[in-house]
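Enquirer: Following this line is work-v4.txt, made up of compact mmCIF, N, CA and C atoms:
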```txt
# COMPACT_ATOMS: atom_id res chain seq x y z
N MET L 1406 130.46 109.55 95.17
CA MET L 1406 130.17 109.34 96.59
C MET L 1406 131.39 109.68 97.44
N ASP L 1407 132.58 109.60 96.86
CA ASP L 1407 133.78 109.96 97.61
C ASP L 1407 133.75 111.42 98.05
N VAL L 1408 133.26 112.29 97.19
CA VAL L 1408 133.17 113.72 97.54
C VAL L 1408 132.13 113.92 98.64
N ALA L 1409 131.02 113.21 98.56
CA ALA L 1409 130.00 113.30 99.61
C ALA L 1409 130.56 112.81 100.95
N LEU L 1410 131.33 111.75 100.92
CA LEU L 1410 131.95 111.26 102.16
C LEU L 1410 132.95 112.28 102.71
N ALA L 1411 133.68 112.95 101.83
CA ALA L 1411 134.61 114.00 102.28
C ALA L 1411 133.84 115.15 102.93
N GLU L 1412 132.69 115.50 102.35
CA GLU L 1412 131.84 116.55 102.95
C GLU L 1412 131.32 116.10 104.32
N ALA L 1413 131.00 114.81 104.45
CA ALA L 1413 130.53 114.28 105.73
C ALA L 1413 131.64 114.35 106.78
N ARG L 1414 132.86 114.02 106.38
CA ARG L 1414 133.98 114.11 107.31
C ARG L 1414 134.21 115.56 107.75
N ALA L 1415 134.10 116.49 106.81
CA ALA L 1415 134.26 117.91 107.14
C ALA L 1415 133.16 118.37 108.10
N ALA L 1416 131.94 117.87 107.90
CA ALA L 1416 130.84 118.21 108.80
C ALA L 1416 131.16 117.70 110.21
N ALA L 1417 131.65 116.48 110.31
CA ALA L 1417 132.00 115.92 111.62
C ALA L 1417 133.08 116.76 112.30
N ALA L 1418 134.04 117.22 111.53
CA ALA L 1418 135.11 118.06 112.09
C ALA L 1418 134.57 119.38 112.63
N ARG L 1419 133.43 119.83 112.10
CA ARG L 1419 132.78 121.06 112.58
C ARG L 1419 131.83 120.77 113.75
N GLY L 1420 131.71 119.50 114.14
CA GLY L 1420 130.80 119.13 115.21
C GLY L 1420 129.38 118.85 114.74
N GLU L 1421 129.22 118.74 113.44
CA GLU L 1421 127.90 118.46 112.85
C GLU L 1421 127.75 116.95 112.63
N VAL L 1422 126.52 116.48 112.55
CA VAL L 1422 126.28 115.09 112.19
C VAL L 1422 126.90 114.88 110.80
N PRO L 1423 127.74 113.85 110.65
CA PRO L 1423 128.50 113.68 109.41
C PRO L 1423 127.68 113.15 108.23
N ILE L 1424 127.04 114.08 107.55
CA ILE L 1424 126.30 113.75 106.34
C ILE L 1424 126.77 114.72 105.26
N GLY L 1425 127.05 114.18 104.09
CA GLY L 1425 127.49 114.99 102.97
C GLY L 1425 126.67 114.71 101.74
N ALA L 1426 126.58 115.72 100.87
CA ALA L 1426 125.78 115.58 99.65
C ALA L 1426 126.50 116.27 98.49
N VAL L 1427 126.30 115.73 97.30
CA VAL L 1427 126.88 116.27 96.07
C VAL L 1427 125.82 116.20 94.98
N ILE L 1428 125.73 117.27 94.18
CA ILE L 1428 124.83 117.28 93.03
C ILE L 1428 125.68 117.33 91.77
N VAL L 1429 125.36 116.44 90.85
CA VAL L 1429 126.10 116.30 89.60
C VAL L 1429 125.17 116.66 88.44
N SER L 1430 125.69 117.48 87.53
CA SER L 1430 124.90 117.93 86.37
C SER L 1430 124.77 116.79 85.35
N PRO L 1431 123.91 116.98 84.35
CA PRO L 1431 123.75 115.94 83.33
C PRO L 1431 125.05 115.60 82.59
N ASP L 1432 125.99 116.54 82.52
CA ASP L 1432 127.26 116.25 81.84
C ASP L 1432 128.31 115.66 82.77
N GLY L 1433 127.94 115.39 84.03
CA GLY L 1433 128.83 114.73 84.97
C GLY L 1433 129.66 115.64 85.84
N ALA L 1434 129.47 116.95 85.74
CA ALA L 1434 130.23 117.89 86.56
C ALA L 1434 129.57 118.09 87.92
N ILE L 1435 130.37 118.21 88.95
CA ILE L 1435 129.84 118.54 90.28
C ILE L 1435 129.45 120.00 90.26
N VAL L 1436 128.18 120.27 90.55
CA VAL L 1436 127.70 121.66 90.56
C VAL L 1436 127.46 122.19 91.97
N ALA L 1437 127.38 121.29 92.95
CA ALA L 1437 127.20 121.71 94.34
C ALA L 1437 127.61 120.57 95.26
N GLN L 1438 128.13 120.95 96.41
CA GLN L 1438 128.45 119.97 97.43
C GLN L 1438 128.32 120.65 98.78
N ALA L 1439 127.90 119.86 99.77
CA ALA L 1439 127.66 120.44 101.09
C ALA L 1439 127.68 119.35 102.14
N GLY L 1440 127.90 119.78 103.37
CA GLY L 1440 127.77 118.92 104.53
C GLY L 1440 126.79 119.57 105.48
N ASN L 1441 126.30 118.80 106.42
CA ASN L 1441 125.35 119.36 107.40
C ASN L 1441 125.92 120.61 108.07
N ARG L 1442 125.03 121.58 108.31
CA ARG L 1442 125.41 122.82 109.00
C ARG L 1442 124.28 123.29 109.93
N THR L 1443 123.50 122.36 110.46
CA THR L 1443 122.36 122.74 111.29
C THR L 1443 122.78 123.48 112.55
N ARG L 1444 123.83 123.03 113.20
CA ARG L 1444 124.29 123.68 114.44
C ARG L 1444 124.96 125.01 114.12
N GLU L 1445 125.84 125.00 113.14
CA GLU L 1445 126.58 126.20 112.77
C GLU L 1445 125.65 127.35 112.38
N LEU L 1446 124.61 127.02 111.61
CA LEU L 1446 123.68 128.05 111.12
C LEU L 1446 122.46 128.22 112.01
N SER L 1447 122.35 127.42 113.08
CA SER L 1447 121.16 127.41 113.93
C SER L 1447 119.90 127.30 113.08
N ASP L 1448 119.93 126.33 112.19
CA ASP L 1448 118.88 126.16 111.20
C ASP L 1448 118.56 124.67 111.04
N PRO L 1449 117.41 124.23 111.52
CA PRO L 1449 117.09 122.81 111.43
C PRO L 1449 116.92 122.31 109.99
N THR L 1450 116.81 123.22 109.02
CA THR L 1450 116.68 122.80 107.61
C THR L 1450 118.04 122.76 106.90
N ALA L 1451 119.12 123.05 107.57
CA ALA L 1451 120.44 123.11 106.93
C ALA L 1451 121.08 121.73 106.80
N HIS L 1452 120.29 120.78 106.31
CA HIS L 1452 120.80 119.44 106.02
C HIS L 1452 121.65 119.53 104.76
N ALA L 1453 122.58 118.59 104.61
CA ALA L 1453 123.49 118.58 103.46
C ALA L 1453 122.73 118.63 102.13
N GLU L 1454 121.67 117.84 102.03
CA GLU L 1454 120.91 117.79 100.77
C GLU L 1454 120.28 119.15 100.45
N ILE L 1455 119.68 119.78 101.44
CA ILE L 1455 119.02 121.07 101.24
C ILE L 1455 120.05 122.12 100.82
N LEU L 1456 121.18 122.15 101.50
CA LEU L 1456 122.21 123.13 101.17
C LEU L 1456 122.75 122.91 99.76
N ALA L 1457 122.94 121.65 99.38
CA ALA L 1457 123.42 121.35 98.03
C ALA L 1457 122.38 121.72 96.98
N ILE L 1458 121.12 121.43 97.24
CA ILE L 1458 120.04 121.79 96.30
C ILE L 1458 119.97 123.31 96.15
N ARG L 1459 120.05 124.03 97.26
CA ARG L 1459 120.02 125.50 97.18
C ARG L 1459 121.16 126.04 96.33
N ALA L 1460 122.36 125.52 96.54
CA ALA L 1460 123.52 125.99 95.78
C ALA L 1460 123.40 125.63 94.30
N ALA L 1461 122.94 124.42 94.00
CA ALA L 1461 122.80 124.01 92.61
C ALA L 1461 121.71 124.81 91.90
N CYS L 1462 120.61 125.08 92.58
CA CYS L 1462 119.53 125.88 91.99
C CYS L 1462 120.01 127.32 91.75
N ALA L 1463 120.77 127.87 92.69
CA ALA L 1463 121.30 129.22 92.51
C ALA L 1463 122.23 129.26 91.30
N ALA L 1464 123.07 128.25 91.17
CA ALA L 1464 124.01 128.19 90.04
C ALA L 1464 123.26 128.06 88.70
N ALA L 1465 122.14 127.34 88.72
CA ALA L 1465 121.35 127.12 87.51
C ALA L 1465 120.33 128.23 87.27
N SER L 1466 120.17 129.12 88.24
CA SER L 1466 119.13 130.17 88.18
C SER L 1466 117.76 129.55 87.91
N SER L 1467 117.49 128.47 88.63
CA SER L 1467 116.23 127.74 88.46
C SER L 1467 115.87 127.04 89.76
N GLU L 1468 114.57 126.85 89.99
CA GLU L 1468 114.14 126.10 91.17
C GLU L 1468 114.10 124.61 90.89
N ARG L 1469 114.42 124.21 89.68
CA ARG L 1469 114.38 122.80 89.30
C ARG L 1469 115.71 122.37 88.70
N LEU L 1470 116.02 121.10 88.92
CA LEU L 1470 117.29 120.54 88.46
C LEU L 1470 117.07 119.26 87.66
N PRO L 1471 116.31 119.33 86.58
CA PRO L 1471 116.08 118.10 85.80
C PRO L 1471 117.39 117.59 85.22
N GLY L 1472 117.55 116.29 85.23
CA GLY L 1472 118.76 115.68 84.70
C GLY L 1472 119.91 115.63 85.67
N HIS L 1473 119.76 116.24 86.85
CA HIS L 1473 120.82 116.24 87.85
C HIS L 1473 120.68 115.05 88.79
N ASP L 1474 121.80 114.59 89.30
CA ASP L 1474 121.83 113.48 90.24
C ASP L 1474 122.34 113.95 91.58
N LEU L 1475 121.80 113.38 92.65
CA LEU L 1475 122.20 113.72 94.01
C LEU L 1475 122.79 112.48 94.68
N TYR L 1476 123.98 112.66 95.24
CA TYR L 1476 124.64 111.63 96.02
C TYR L 1476 124.67 112.11 97.46
N VAL L 1477 124.21 111.29 98.39
CA VAL L 1477 124.19 111.66 99.80
C VAL L 1477 124.58 110.45 100.64
N THR L 1478 125.27 110.69 101.74
CA THR L 1478 125.83 109.59 102.52
C THR L 1478 124.81 108.84 103.38
N LEU L 1479 123.66 109.44 103.63
CA LEU L 1479 122.62 108.80 104.43
C LEU L 1479 121.28 108.95 103.73
N GLU L 1480 120.46 107.93 103.82
CA GLU L 1480 119.11 108.01 103.26
C GLU L 1480 118.45 109.32 103.69
N PRO L 1481 117.94 110.09 102.75
CA PRO L 1481 117.33 111.38 103.10
C PRO L 1481 116.12 111.25 104.02
N CYS L 1482 115.98 112.25 104.88
CA CYS L 1482 114.83 112.34 105.77
C CYS L 1482 113.61 112.78 104.93
N PRO L 1483 112.41 112.77 105.50
CA PRO L 1483 111.23 113.19 104.74
C PRO L 1483 111.33 114.62 104.20
N MET L 1484 111.89 115.55 104.98
CA MET L 1484 112.02 116.93 104.51
C MET L 1484 112.91 116.99 103.27
N CYS L 1485 114.04 116.32 103.33
CA CYS L 1485 114.97 116.34 102.19
C CYS L 1485 114.39 115.59 100.99
N ALA L 1486 113.68 114.50 101.25
CA ALA L 1486 113.06 113.77 100.15
C ALA L 1486 112.04 114.65 99.43
N ALA L 1487 111.26 115.42 100.17
CA ALA L 1487 110.30 116.33 99.53
C ALA L 1487 111.03 117.39 98.71
N ALA L 1488 112.12 117.94 99.23
CA ALA L 1488 112.89 118.93 98.48
C ALA L 1488 113.48 118.33 97.21
N ILE L 1489 113.93 117.08 97.29
CA ILE L 1489 114.47 116.38 96.12
C ILE L 1489 113.38 116.24 95.06
N SER L 1490 112.18 115.92 95.49
CA SER L 1490 111.05 115.81 94.56
C SER L 1490 110.74 117.16 93.93
N PHE L 1491 110.65 118.20 94.74
CA PHE L 1491 110.32 119.53 94.22
C PHE L 1491 111.39 120.04 93.26
N ALA L 1492 112.65 119.67 93.50
CA ALA L 1492 113.75 120.10 92.62
C ALA L 1492 113.82 119.26 91.34
N ARG L 1493 113.04 118.20 91.29
CA ARG L 1493 113.01 117.32 90.10
C ARG L 1493 114.36 116.66 89.82
N ILE L 1494 115.03 116.25 90.91
CA ILE L 1494 116.30 115.53 90.78
C ILE L 1494 116.03 114.23 90.00
N ARG L 1495 116.92 113.92 89.06
CA ARG L 1495 116.74 112.73 88.20
C ARG L 1495 116.99 111.43 88.96
N ARG L 1496 118.15 111.36 89.61
CA ARG L 1496 118.54 110.13 90.32
C ARG L 1496 119.03 110.48 91.72
N LEU L 1497 118.66 109.64 92.67
CA LEU L 1497 119.11 109.79 94.04
C LEU L 1497 119.92 108.55 94.42
N TYR L 1498 121.17 108.79 94.82
CA TYR L 1498 122.05 107.73 95.31
C TYR L 1498 122.33 108.02 96.78
N TRP L 1499 122.20 107.03 97.66
CA TRP L 1499 122.54 107.25 99.06
C TRP L 1499 123.34 106.08 99.59
N GLY L 1500 124.07 106.37 100.67
CA GLY L 1500 124.92 105.37 101.30
C GLY L 1500 124.16 104.54 102.31
N ALA L 1501 124.25 104.93 103.57
CA ALA L 1501 123.65 104.16 104.65
C ALA L 1501 122.13 104.35 104.69
N SER L 1502 121.46 103.29 105.04
CA SER L 1502 120.01 103.33 105.25
C SER L 1502 119.74 103.98 106.61
N ASP L 1503 118.58 104.61 106.75
CA ASP L 1503 118.23 105.25 108.02
C ASP L 1503 116.86 104.76 108.50
N PRO L 1504 116.83 103.60 109.18
CA PRO L 1504 115.55 103.05 109.63
C PRO L 1504 114.80 103.96 110.60
N LYS L 1505 115.52 104.81 111.34
CA LYS L 1505 114.88 105.67 112.33
C LYS L 1505 114.35 106.97 111.75
N GLY L 1506 115.09 107.60 110.83
CA GLY L 1506 114.70 108.92 110.35
C GLY L 1506 114.58 109.05 108.84
N GLY L 1507 114.77 107.96 108.13
CA GLY L 1507 114.72 108.01 106.67
C GLY L 1507 113.31 108.26 106.14
N GLY L 1508 113.27 108.80 104.93
CA GLY L 1508 111.98 109.07 104.31
C GLY L 1508 111.86 108.50 102.91
N VAL L 1509 112.80 107.63 102.53
CA VAL L 1509 112.80 107.07 101.18
C VAL L 1509 112.43 105.60 101.19
N GLU L 1510 113.29 104.77 101.79
CA GLU L 1510 112.97 103.34 101.88
C GLU L 1510 112.42 102.99 103.26
N ASN L 1511 112.47 103.94 104.16
CA ASN L 1511 111.95 103.78 105.52
C ASN L 1511 110.95 104.89 105.79
N GLY L 1512 110.29 104.81 106.94
CA GLY L 1512 109.37 105.87 107.33
C GLY L 1512 108.27 106.12 106.31
N PRO L 1513 108.02 107.38 105.97
CA PRO L 1513 106.89 107.70 105.11
C PRO L 1513 107.07 107.36 103.63
N ARG L 1514 108.27 106.99 103.21
CA ARG L 1514 108.51 106.63 101.81
C ARG L 1514 107.90 107.67 100.87
N VAL L 1515 108.41 108.86 100.97
CA VAL L 1515 107.87 110.04 100.28
C VAL L 1515 107.63 109.81 98.80
N PHE L 1516 108.57 109.17 98.11
CA PHE L 1516 108.44 109.02 96.66
C PHE L 1516 107.37 108.01 96.25
N ALA L 1517 106.97 107.14 97.17
CA ALA L 1517 105.93 106.17 96.88
C ALA L 1517 104.53 106.71 97.15
N HIS L 1518 104.46 107.89 97.76
CA HIS L 1518 103.18 108.48 98.12
C HIS L 1518 102.45 108.94 96.86
N PRO L 1519 101.15 108.71 96.78
CA PRO L 1519 100.41 109.07 95.56
C PRO L 1519 100.41 110.57 95.24
N THR L 1520 100.65 111.42 96.23
CA THR L 1520 100.65 112.86 95.96
C THR L 1520 102.04 113.40 95.63
N CYS L 1521 103.03 112.54 95.55
CA CYS L 1521 104.39 112.97 95.22
C CYS L 1521 104.42 113.46 93.76
N HIS L 1522 104.89 114.69 93.56
CA HIS L 1522 104.92 115.29 92.22
C HIS L 1522 105.95 114.64 91.30
N HIS L 1523 107.09 114.26 91.84
CA HIS L 1523 108.17 113.69 91.04
C HIS L 1523 108.95 112.70 91.90
N ALA L 1524 109.21 111.54 91.36
CA ALA L 1524 110.02 110.55 92.05
C ALA L 1524 111.28 110.29 91.24
N PRO L 1525 112.45 110.49 91.86
CA PRO L 1525 113.68 110.20 91.14
C PRO L 1525 113.92 108.69 91.05
N GLU L 1526 114.84 108.30 90.20
CA GLU L 1526 115.32 106.92 90.23
C GLU L 1526 116.08 106.76 91.55
N LEU L 1527 115.93 105.64 92.21
CA LEU L 1527 116.50 105.43 93.54
C LEU L 1527 117.56 104.34 93.54
N TYR L 1528 118.70 104.65 94.17
CA TYR L 1528 119.81 103.71 94.29
C TYR L 1528 120.40 103.82 95.68
N GLY L 1529 120.04 102.89 96.55
CA GLY L 1529 120.54 102.90 97.91
C GLY L 1529 121.72 101.96 98.09
N GLY L 1530 122.46 102.18 99.18
CA GLY L 1530 123.53 101.26 99.54
C GLY L 1530 124.88 101.56 98.91
N LEU L 1531 125.05 102.72 98.30
CA LEU L 1531 126.32 103.08 97.67
C LEU L 1531 127.31 103.50 98.76
N ALA L 1532 128.41 102.77 98.90
CA ALA L 1532 129.40 103.01 99.96
C ALA L 1532 128.73 103.04 101.33
N ASP L 1533 127.76 102.18 101.50
CA ASP L 1533 126.98 102.19 102.73
C ASP L 1533 127.80 101.90 103.98
N GLN L 1534 128.77 101.01 103.88
CA GLN L 1534 129.57 100.67 105.06
C GLN L 1534 130.43 101.86 105.48
N ASP L 1535 131.03 102.55 104.52
CA ASP L 1535 131.84 103.74 104.84
C ASP L 1535 130.99 104.81 105.52
N ALA L 1536 129.81 105.04 104.96
CA ALA L 1536 128.91 106.06 105.52
C ALA L 1536 128.44 105.66 106.91
N ALA L 1537 128.06 104.40 107.08
CA ALA L 1537 127.58 103.92 108.38
C ALA L 1537 128.69 103.98 109.43
N ASP L 1538 129.91 103.61 109.04
CA ASP L 1538 131.03 103.65 109.97
C ASP L 1538 131.31 105.08 110.43
N LEU L 1539 131.23 106.02 109.50
CA LEU L 1539 131.45 107.42 109.83
C LEU L 1539 130.42 107.92 110.85
N LEU L 1540 129.17 107.60 110.62
CA LEU L 1540 128.10 108.00 111.55
C LEU L 1540 128.26 107.30 112.90
N ARG L 1541 128.51 106.00 112.86
CA ARG L 1541 128.66 105.23 114.10
C ARG L 1541 129.82 105.79 114.95
N GLY L 1542 130.94 106.05 114.29
CA GLY L 1542 132.10 106.59 114.99
C GLY L 1542 131.82 107.96 115.59
N PHE L 1543 131.12 108.79 114.85
CA PHE L 1543 130.78 110.14 115.34
C PHE L 1543 129.94 110.04 116.61
N PHE L 1544 128.90 109.23 116.58
CA PHE L 1544 128.02 109.14 117.75
C PHE L 1544 128.67 108.40 118.91
N THR L 1545 129.55 107.45 118.64
CA THR L 1545 130.29 106.78 119.71
C THR L 1545 131.19 107.79 120.42
N ASP L 1546 131.87 108.64 119.64
CA ASP L 1546 132.73 109.67 120.24
C ASP L 1546 131.91 110.67 121.06
N ARG L 1547 130.73 111.01 120.59
CA ARG L 1547 129.88 111.98 121.30
C ARG L 1547 129.42 111.42 122.65
N ARG L 1548 129.20 110.11 122.70
CA ARG L 1548 128.73 109.49 123.94
C ARG L 1548 129.86 109.28 124.94
N SER L 1549 131.09 109.30 124.49
CA SER L 1549 132.25 109.04 125.36
C SER L 1549 132.57 110.23 126.23
```
Here is the file; what I need is its structure written in the form of structure tokens.
Expert:
Amino acid sequence: MDVALAEARAAAARGEVPIGAVIVSPDGAIVAQAGNRTRELSDPTAHAEILAIRAACAAASSERLPGHDLYVTLEPCPMCAAAISFARIRRLYWGASDPKGGGVENGPRVFAHPTCHHAPELYGGLADQDAADLLRGFFTDRRS
């Protein structure tokens, strides 16, 4: 989660919402890491999770990542949760909860839906205070 938080800080430095993601292979190696780039790429799908999944899939030459774990600083939105399911991520770890835009423990709860193809093991609240503080600080600065 420390690497994901570093990616979130780098995203904030670029003027992006500070969210970072890391994908770890079954042997424990980091295979992809990313921070939000929606503004930079003018792409509403360029969330940290999506970018990390794309990079990990490219590295694996596969559209699926069985046995891989994803660490992300904020509860994934519904779009990212669906991508996590399609990629067959084994475990999802996230930091701060997102009552407004989350899609895992809040909102549509994508993995609990009966039509969900694959649901990863879920672990929320990892370094949640650090992730929440980073987001809170970013938005406080933007409003100032």
Enquirer: My list of candidates is L:Gly1420, L:Arg1493, L:Gly1425, L:Ala1461. Which is closest to Leu1479 in chain L when distances are computed with only N, CA and C atoms?
Expert: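 Of L:Gly1420, L:Arg1493, L:Gly1425, L:Ala1461, the one nearest Leu1479 in chain L is L:Gly1425, counting only N, CA and C atoms.
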Enquirer: What are the DSSP alpha helix (DSSP H) residues of range 1418-1549 of chain L, as a PyMOL selection string?
Expert: chain L and resi 1418+1443-1446+1453-1465+1483-1492+1533-1548
Enquirer: Mind writing the picked residues with N, CA and C atoms as a compact mmCIF listing (two decimals), keeping the file's coordinate frame?
Expert:
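Dumped to part_31.txt:
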```
# COMPACT_ATOMS: atom_id res chain seq x y z
N ALA L 1418 134.04 117.22 111.53
CA ALA L 1418 135.11 118.06 112.09
C ALA L 1418 134.57 119.38 112.63
N THR L 1443 123.50 122.36 110.46
CA THR L 1443 122.36 122.74 111.29
C THR L 1443 122.78 123.48 112.55
N ARG L 1444 123.83 123.03 113.20
CA ARG L 1444 124.29 123.68 114.44
C ARG L 1444 124.96 125.01 114.12
N GLU L 1445 125.84 125.00 113.14
CA GLU L 1445 126.58 126.20 112.77
C GLU L 1445 125.65 127.35 112.38
N LEU L 1446 124.61 127.02 111.61
CA LEU L 1446 123.68 128.05 111.12
C LEU L 1446 122.46 128.22 112.01
N ALA L 1453 122.58 118.59 104.61
CA ALA L 1453 123.49 118.58 103.46
C ALA L 1453 122.73 118.63 102.13
N GLU L 1454 121.67 117.84 102.03
CA GLU L 1454 120.91 117.79 100.77
C GLU L 1454 120.28 119.15 100.45
N ILE L 1455 119.68 119.78 101.44
CA ILE L 1455 119.02 121.07 101.24
C ILE L 1455 120.05 122.12 100.82
N LEU L 1456 121.18 122.15 101.50
CA LEU L 1456 122.21 123.13 101.17
C LEU L 1456 122.75 122.91 99.76
N ALA L 1457 122.94 121.65 99.38
CA ALA L 1457 123.42 121.35 98.03
C ALA L 1457 122.38 121.72 96.98
N ILE L 1458 121.12 121.43 97.24
CA ILE L 1458 120.04 121.79 96.30
C ILE L 1458 119.97 123.31 96.15
N ARG L 1459 120.05 124.03 97.26
CA ARG L 1459 120.02 125.50 97.18
C ARG L 1459 121.16 126.04 96.33
N ALA L 1460 122.36 125.52 96.54
CA ALA L 1460 123.52 125.99 95.78
C ALA L 1460 123.40 125.63 94.30
N ALA L 1461 122.94 124.42 94.00
CA ALA L 1461 122.80 124.01 92.61
C ALA L 1461 121.71 124.81 91.90
N CYS L 1462 120.61 125.08 92.58
CA CYS L 1462 119.53 125.88 91.99
C CYS L 1462 120.01 127.32 91.75
N ALA L 1463 120.77 127.87 92.69
CA ALA L 1463 121.30 129.22 92.51
C ALA L 1463 122.23 129.26 91.30
N ALA L 1464 123.07 128.25 91.17
CA ALA L 1464 124.01 128.19 90.04
C ALA L 1464 123.26 128.06 88.70
N ALA L 1465 122.14 127.34 88.72
CA ALA L 1465 121.35 127.12 87.51
C ALA L 1465 120.33 128.23 87.27
N PRO L 1483 112.41 112.77 105.50
CA PRO L 1483 111.23 113.19 104.74
C PRO L 1483 111.33 114.62 104.20
N MET L 1484 111.89 115.55 104.98
CA MET L 1484 112.02 116.93 104.51
C MET L 1484 112.91 116.99 103.27
N CYS L 1485 114.04 116.32 103.33
CA CYS L 1485 114.97 116.34 102.19
C CYS L 1485 114.39 115.59 100.99
N ALA L 1486 113.68 114.50 101.25
CA ALA L 1486 113.06 113.77 100.15
C ALA L 1486 112.04 114.65 99.43
N ALA L 1487 111.26 115.42 100.17
CA ALA L 1487 110.30 116.33 99.53
C ALA L 1487 111.03 117.39 98.71
N ALA L 1488 112.12 117.94 99.23
CA ALA L 1488 112.89 118.93 98.48
C ALA L 1488 113.48 118.33 97.21
N ILE L 1489 113.93 117.08 97.29
CA ILE L 1489 114.47 116.38 96.12
C ILE L 1489 113.38 116.24 95.06
N SER L 1490 112.18 115.92 95.49
CA SER L 1490 111.05 115.81 94.56
C SER L 1490 110.74 117.16 93.93
N PHE L 1491 110.65 118.20 94.74
CA PHE L 1491 110.32 119.53 94.22
C PHE L 1491 111.39 120.04 93.26
N ALA L 1492 112.65 119.67 93.50
CA ALA L 1492 113.75 120.10 92.62
C ALA L 1492 113.82 119.26 91.34
N ASP L 1533 127.76 102.18 101.50
CA ASP L 1533 126.98 102.19 102.73
C ASP L 1533 127.80 101.90 103.98
N GLN L 1534 128.77 101.01 103.88
CA GLN L 1534 129.57 100.67 105.06
C GLN L 1534 130.43 101.86 105.48
N ASP L 1535 131.03 102.55 104.52
CA ASP L 1535 131.84 103.74 104.84
C ASP L 1535 130.99 104.81 105.52
N ALA L 1536 129.81 105.04 104.96
CA ALA L 1536 128.91 106.06 105.52
C ALA L 1536 128.44 105.66 106.91
N ALA L 1537 128.06 104.40 107.08
CA ALA L 1537 127.58 103.92 108.38
C ALA L 1537 128.69 103.98 109.43
N ASP L 1538 129.91 103.61 109.04
CA ASP L 1538 131.03 103.65 109.97
C ASP L 1538 131.31 105.08 110.43
N LEU L 1539 131.23 106.02 109.50
CA LEU L 1539 131.45 107.42 109.83
C LEU L 1539 130.42 107.92 110.85
N LEU L 1540 129.17 107.60 110.62
CA LEU L 1540 128.10 108.00 111.55
C LEU L 1540 128.26 107.30 112.90
N ARG L 1541 128.51 106.00 112.86
CA ARG L 1541 128.66 105.23 114.10
C ARG L 1541 129.82 105.79 114.95
N GLY L 1542 130.94 106.05 114.29
CA GLY L 1542 132.10 106.59 114.99
C GLY L 1542 131.82 107.96 115.59
N PHE L 1543 131.12 108.79 114.85
CA PHE L 1543 130.78 110.14 115.34
C PHE L 1543 129.94 110.04 116.61
N PHE L 1544 128.90 109.23 116.58
CA PHE L 1544 128.02 109.14 117.75
C PHE L 1544 128.67 108.40 118.91
N THR L 1545 129.55 107.45 118.64
CA THR L 1545 130.29 106.78 119.71
C THR L 1545 131.19 107.79 120.42
N ASP L 1546 131.87 108.64 119.64
CA ASP L 1546 132.73 109.67 120.24
C ASP L 1546 131.91 110.67 121.06
N ARG L 1547 130.73 111.01 120.59
CA ARG L 1547 129.88 111.98 121.30
C ARG L 1547 129.42 111.42 122.65
N ARG L 1548 129.20 110.11 122.70
CA ARG L 1548 128.73 109.49 123.94
C ARG L 1548 129.86 109.28 124.94
```
Enquirer: Using all atoms listed in the file, which residues of range 1479-1501 of chain L come within 5 Å of range 1509-1528 of chain L, and what is the closest atom pair for each, with the distance in Å to one decimal? Give it as a Markdown table, sorted by chain and residue number.
Expert:
```
| residue | atom | partner | partner_atom | distance |
| --- | --- | --- | --- | --- |
| L:Ser1490 | CA | L:His1523 | C | 4.6 |
| L:Ile1494 | C | L:Pro1525 | CA | 4.8 |
| L:Arg1495 | C | L:Glu1526 | N | 4.0 |
| L:Arg1496 | CA | L:Glu1526 | N | 4.1 |
| L:Leu1497 | N | L:Glu1526 | C | 4.0 |
| L:Tyr1498 | CA | L:Tyr1528 | C | 4.3 |
| L:Trp1499 | N | L:Tyr1528 | C | 4.2 |
```
Enquirer: Separation of CA of Val1422 in chain L and CA of His1452 in chain L, in Å?
Expert: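 So the answer is 9.3 Å.
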Enquirer: Which parts of chain L does DSSP call strand (DSSP E or B) when run on the backbone here, written out as a ChimeraX atom specification?
Expert: /L:1425-1429,1435-1440,1474-1479,1496-1501,1526-1529
Enquirer: Extract, using only C-alpha atoms, all DNA, RNA and protein residues at most 12 Å from Arg1419 in chain L, discarding same-chain residues fewer than 6 positions from it, and format them as a list in words.
Expert: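 The neighbour list is Glu1412, Ala1413, Gly1440, Asn1441, Arg1442, Thr1443, Arg1444, Glu1445, Leu1446 and Phe1543 of chain L.
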Enquirer: Restricting it to N, CA and C atoms, dump the selection as an mmCIF file, in the frame of the given file.
Expert:
```cif
data_model
loop_
_atom_site.group_PDB
_atom_site.id
_atom_site.type_symbol
_atom_site.label_atom_id
_atom_site.label_comp_id
_atom_site.auth_asym_id
_atom_site.auth_seq_id
_atom_site.Cartn_x
_atom_site.Cartn_y
_atom_site.Cartn_z
ATOM 1 N N GLU L 1412 132.690 115.500 102.350
ATOM 2 C CA GLU L 1412 131.840 116.550 102.950
ATOM 3 C C GLU L 1412 131.320 116.100 104.320
ATOM 4 N N ALA L 1413 131.000 114.810 104.450
ATOM 5 C CA ALA L 1413 130.530 114.280 105.730
ATOM 6 C C ALA L 1413 131.640 114.350 106.780
ATOM 7 N N GLY L 1440 127.900 119.780 103.370
ATOM 8 C CA GLY L 1440 127.770 118.920 104.530
ATOM 9 C C GLY L 1440 126.790 119.570 105.480
ATOM 10 N N ASN L 1441 126.300 118.800 106.420
ATOM 11 C CA ASN L 1441 125.350 119.360 107.400
ATOM 12 C C ASN L 1441 125.920 120.610 108.070
ATOM 13 N N ARG L 1442 125.030 121.580 108.310
ATOM 14 C CA ARG L 1442 125.410 122.820 109.000
ATOM 15 C C ARG L 1442 124.280 123.290 109.930
ATOM 16 N N THR L 1443 123.500 122.360 110.460
ATOM 17 C CA THR L 1443 122.360 122.740 111.290
ATOM 18 C C THR L 1443 122.780 123.480 112.550
ATOM 19 N N ARG L 1444 123.830 123.030 113.200
ATOM 20 C CA ARG L 1444 124.290 123.680 114.440
ATOM 21 C C ARG L 1444 124.960 125.010 114.120
ATOM 22 N N GLU L 1445 125.840 125.000 113.140
ATOM 23 C CA GLU L 1445 126.580 126.200 112.770
ATOM 24 C C GLU L 1445 125.650 127.350 112.380
ATOM 25 N N LEU L 1446 124.610 127.020 111.610
ATOM 26 C CA LEU L 1446 123.680 128.050 111.120
ATOM 27 C C LEU L 1446 122.460 128.220 112.010
ATOM 28 N N PHE L 1543 131.120 108.790 114.850
ATOM 29 C CA PHE L 1543 130.780 110.140 115.340
ATOM 30 C C PHE L 1543 129.940 110.040 116.610
#
```
